[in-house]
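The next block is data_14.csv, given as CSV, C-alpha atoms.
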chain,number,residue,atom,x,y,z
A,1,SER,CA,115.4,38.9,110.9
A,2,SER,CA,113.8,42.3,110.4
A,3,SER,CA,115.5,45.0,108.5
A,4,ARG,CA,115.1,48.6,109.5
A,5,GLY,CA,115.1,49.9,106.0
A,6,LEU,CA,112.0,51.1,104.0
A,7,GLY,CA,111.6,47.7,102.2
A,8,SER,CA,107.9,47.3,103.2
A,9,ARG,CA,106.9,50.8,102.1
A,10,ALA,CA,106.1,51.7,98.6
A,11,PRO,CA,108.0,54.5,96.9
A,12,PHE,CA,106.1,57.9,96.8
A,13,THR,CA,104.4,58.6,93.5
A,14,ALA,CA,102.7,61.9,92.8
A,15,ALA,CA,99.2,61.9,91.4
A,16,VAL,CA,98.9,63.3,87.9
A,17,THR,CA,95.9,65.5,87.6
A,18,GLY,CA,94.6,67.1,84.4
A,19,ARG,CA,92.5,70.1,83.6
A,20,CYS,CA,89.3,68.6,84.9
A,21,GLY,CA,90.9,67.8,88.3
A,22,ALA,CA,90.6,64.0,88.1
A,23,ARG,CA,93.6,61.7,88.0
A,24,ARG,CA,94.7,60.9,84.5
A,25,CYS,CA,91.5,62.1,82.8
A,26,ALA,CA,91.1,62.1,79.0
A,27,ALA,CA,91.2,66.0,78.9
A,28,SER,CA,94.8,66.0,80.0
A,29,ARG,CA,96.0,63.4,77.4
A,30,GLY,CA,96.9,64.0,73.8
A,31,PRO,CA,96.0,61.8,70.9
A,32,TRP,CA,98.9,59.4,71.7
A,33,GLY,CA,98.2,59.1,75.4
A,34,GLY,CA,100.8,61.6,76.5
A,35,ALA,CA,100.1,64.8,78.4
A,36,VAL,CA,99.0,67.8,76.4
A,37,SER,CA,101.3,70.8,76.6
A,38,GLY,CA,99.9,73.3,79.1
A,39,ALA,CA,97.5,70.8,80.7
A,40,GLY,CA,97.1,71.7,84.3
A,41,ARG,CA,99.5,74.6,84.0
A,42,GLY,CA,97.3,77.4,82.7
A,43,ALA,CA,98.6,79.2,79.6
A,44,ALA,CA,102.3,79.1,80.7
A,45,GLY,CA,103.5,76.7,78.0
A,46,MET,CA,105.9,73.8,78.3
A,47,GLY,CA,108.4,74.2,81.1
A,48,ARG,CA,107.9,77.9,81.6
A,49,ARG,CA,107.1,79.5,84.9
A,50,ARG,CA,103.6,80.8,85.2
A,51,SER,CA,103.4,84.5,85.1
A,52,ARG,CA,101.7,86.3,87.9
A,53,GLY,CA,99.0,88.9,87.4
A,54,GLN,CA,99.8,92.5,88.0
A,55,ALA,CA,99.5,93.4,91.7
A,56,PRO,CA,96.8,96.1,92.5
A,57,SER,CA,98.4,99.5,92.9
A,58,LYS,CA,98.7,100.8,96.5
A,59,PRO,CA,96.9,104.1,97.2
A,60,LYS,CA,99.2,107.1,97.4
A,61,PRO,CA,99.7,108.4,101.0
A,62,LYS,CA,97.8,111.6,101.6
A,63,LEU,CA,99.9,114.6,102.6
A,64,ASP,CA,98.7,117.0,105.3
A,65,THR,CA,97.1,120.3,104.4
A,66,MET,CA,96.8,121.5,108.1
A,67,PHE,CA,99.9,122.5,110.0
A,68,ASP,CA,101.0,124.1,113.3
A,69,CYS,CA,101.2,127.9,113.4
A,70,LEU,CA,104.6,129.4,114.1
A,71,PHE,CA,103.2,132.6,115.6
A,72,CYS,CA,100.3,131.4,117.9
A,73,GLN,CA,101.7,127.9,118.5
A,74,THR,CA,98.3,126.3,117.8
A,75,GLY,CA,98.3,122.8,116.4
A,76,LYS,CA,96.6,122.1,113.1
A,77,ALA,CA,95.4,125.7,112.7
A,78,VAL,CA,97.2,126.6,109.5
A,79,GLU,CA,95.4,125.6,106.3
A,80,VAL,CA,97.0,125.6,102.9
A,81,LYS,CA,95.1,125.9,99.7
A,82,MET,CA,96.6,125.4,96.3
A,83,VAL,CA,95.3,127.2,93.2
A,84,ARG,CA,96.9,125.2,90.5
A,85,LEU,CA,95.6,127.2,87.6
A,86,GLU,CA,97.1,130.5,89.0
A,87,GLN,CA,100.2,128.7,90.4
A,88,ILE,CA,99.8,130.2,93.8
A,89,GLY,CA,99.6,128.6,97.3
A,90,PHE,CA,97.7,130.4,100.0
A,91,LEU,CA,98.4,129.8,103.7
A,92,LYS,CA,96.2,131.1,106.5
A,93,CYS,CA,96.0,130.5,110.3
A,94,ARG,CA,92.4,130.2,111.6
A,95,VAL,CA,93.4,131.5,115.1
A,96,CYS,CA,95.7,134.5,114.6
A,97,ALA,CA,94.7,135.2,110.9
A,98,VAL,CA,98.3,135.3,109.6
A,99,THR,CA,98.5,134.8,105.9
A,100,PHE,CA,101.2,134.0,103.3
A,101,GLN,CA,101.3,133.1,99.7
A,102,SER,CA,104.0,131.8,97.4
A,103,ARG,CA,104.5,130.7,93.8
A,104,THR,CA,104.1,127.0,93.1
A,105,THR,CA,104.8,124.7,90.2
A,106,TYR,CA,102.9,121.7,89.0
A,107,LEU,CA,105.0,119.5,91.3
A,108,SER,CA,104.4,121.6,94.5
A,109,GLU,CA,102.3,120.3,97.4
A,110,ALA,CA,100.8,122.0,100.5
A,111,VAL,CA,103.9,121.1,102.5
A,112,ASP,CA,106.1,123.0,100.1
A,113,VAL,CA,104.1,126.2,100.7
A,114,TYR,CA,104.3,125.7,104.5
A,115,SER,CA,108.1,125.1,104.3
A,116,ASP,CA,108.4,128.3,102.2
A,117,TRP,CA,106.5,130.2,104.9
A,118,VAL,CA,108.8,128.7,107.6
A,119,ASP,CA,111.9,129.7,105.6
A,120,GLU,CA,110.6,133.3,105.0
A,121,THR,CA,109.8,133.6,108.7
A,122,GLU,CA,113.2,132.4,109.8
A,123,GLU,CA,114.9,134.8,107.3
A,124,ALA,CA,112.8,137.7,108.5
A,125,ASN,CA,113.6,136.9,112.2
A,126,PHE,CA,117.3,136.6,111.4
A,127,LYS,CA,117.4,139.9,109.6
A,128,LYS,CA,115.5,141.6,112.4
A,129,ASP,CA,117.9,140.3,115.1
A,130,GLY,CA,121.1,141.3,113.2
A,131,ASP,CA,122.1,142.7,109.9
A,132,ASP,CA,124.6,139.8,109.4
A,133,VAL,CA,123.3,137.4,106.9
A,134,PRO,CA,124.8,133.9,106.8
A,135,ALA,CA,126.8,132.8,103.7
A,136,PRO,CA,124.1,130.5,102.2
A,137,LEU,CA,121.5,133.3,102.4
A,138,GLN,CA,123.9,135.9,101.0
A,139,ALA,CA,124.4,133.6,97.9
A,140,ALA,CA,120.7,133.2,97.5
A,141,ALA,CA,120.0,136.9,97.9
A,142,ALA,CA,122.7,137.8,95.3
A,143,LYS,CA,121.0,135.8,92.6

Now, as a test, write the supplied structure out as structure tokens.
Amino acid sequence: SSSRGLGSRAPFTAAVTGRCGARRCAASRGPWGGAVSGAGRGAAGMGRRRSRGQAPSKPKPKLDTMFDCLFCQTGKAVEVKMVRLEQIGFLKCRVCAVTFQSRTTYLSEAVDVYSDWVDETEEANFKKDGDDVPAPLQAAAAK
């Protein structure tokens, strides 16, 4: 009678490897024959998880310095230059030669100068169309 169990198979045993990579080598045993603490585990210590090395830092994404012009509708024609020492940002279109400058801080980027230009242009166009200034702009103008 044959049994369907696992009687003929030997139980699974994991091979113990030491620092040298061979099974049960002398380098992985202490003076009494037991395993040396940290053998085959790096410098993690007994029973501790191995710490991972610090991941390499990812490069910061580069922000654009070339933008679309609001007046001549040319793409990538407006160039922004930042003068950090003077805390001024300069904006100039290569096609229609429109210029703009605004105050910057140490946190400002080229896109901030461009957005200031867009805001000033919208505010100028709105004032030109009608003398009514919306409530958010009135509060900002009052300050």

- [ ] Quote the spacing between CA of Tyr106 in chain A and CA of Lys76 in chain A in Å to one decimal place.
- [x]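 Distance reported for this atom pair: 24.9 Å.
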
Taking 5 positions as the minimum chain separation for residues in the same chain, which residues sit within 12 Å of Ala110 in chain A when counting only C-alpha atoms? Answer as an mmCIF file with C-alpha atoms, keeping the file's coordinate frame.
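Output file part_20.cif is given in full below:
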data_model
loop_
_atom_site.group_PDB
_atom_site.id
_atom_site.type_symbol
_atom_site.label_atom_id
_atom_site.label_comp_id
_atom_site.auth_asym_id
_atom_site.auth_seq_id
_atom_site.Cartn_x
_atom_site.Cartn_y
_atom_site.Cartn_z
ATOM 1 C CA LYS A 62 97.800 111.600 101.600
ATOM 2 C CA LEU A 63 99.900 114.600 102.600
ATOM 3 C CA ASP A 64 98.700 117.000 105.300
ATOM 4 C CA THR A 65 97.100 120.300 104.400
ATOM 5 C CA MET A 66 96.800 121.500 108.100
ATOM 6 C CA PHE A 67 99.900 122.500 110.000
ATOM 7 C CA VAL A 78 97.200 126.600 109.500
ATOM 8 C CA GLU A 79 95.400 125.600 106.300
ATOM 9 C CA VAL A 80 97.000 125.600 102.900
ATOM 10 C CA LYS A 81 95.100 125.900 99.700
ATOM 11 C CA MET A 82 96.600 125.400 96.300
ATOM 12 C CA VAL A 83 95.300 127.200 93.200
ATOM 13 C CA ARG A 84 96.900 125.200 90.500
ATOM 14 C CA ILE A 88 99.800 130.200 93.800
ATOM 15 C CA GLY A 89 99.600 128.600 97.300
ATOM 16 C CA PHE A 90 97.700 130.400 100.000
ATOM 17 C CA LEU A 91 98.400 129.800 103.700
ATOM 18 C CA LYS A 92 96.200 131.100 106.500
ATOM 19 C CA GLN A 101 101.300 133.100 99.700
ATOM 20 C CA SER A 102 104.000 131.800 97.400
ATOM 21 C CA ARG A 103 104.500 130.700 93.800
ATOM 22 C CA THR A 104 104.100 127.000 93.100
ATOM 23 C CA THR A 105 104.800 124.700 90.200
ATOM 24 C CA SER A 115 108.100 125.100 104.300
ATOM 25 C CA ASP A 116 108.400 128.300 102.200
ATOM 26 C CA TRP A 117 106.500 130.200 104.900
#

- [ ] Counting only C-alpha atoms, write as an NGL selection string all protein and nucleic acid residues lying at most 7 Å from (99.5, 131.1, 114.7) in the file's frame.
- [x] :A and (69-74 or 93 or 95-96 or 98)

TODO: Would you mind reading off the distance between CA of Ala97 in chain A and CA of Pro61 in chain A, one decimal, in Å?
DONE: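 It comes out at 29.0 Å.
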
Task: Point-to-point distance from CA of Gln87 in chain A to CA of Asp112 in chain A, Å rounded to tenths - done: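 Rounded to one decimal, the two atoms are 12.7 Å apart.
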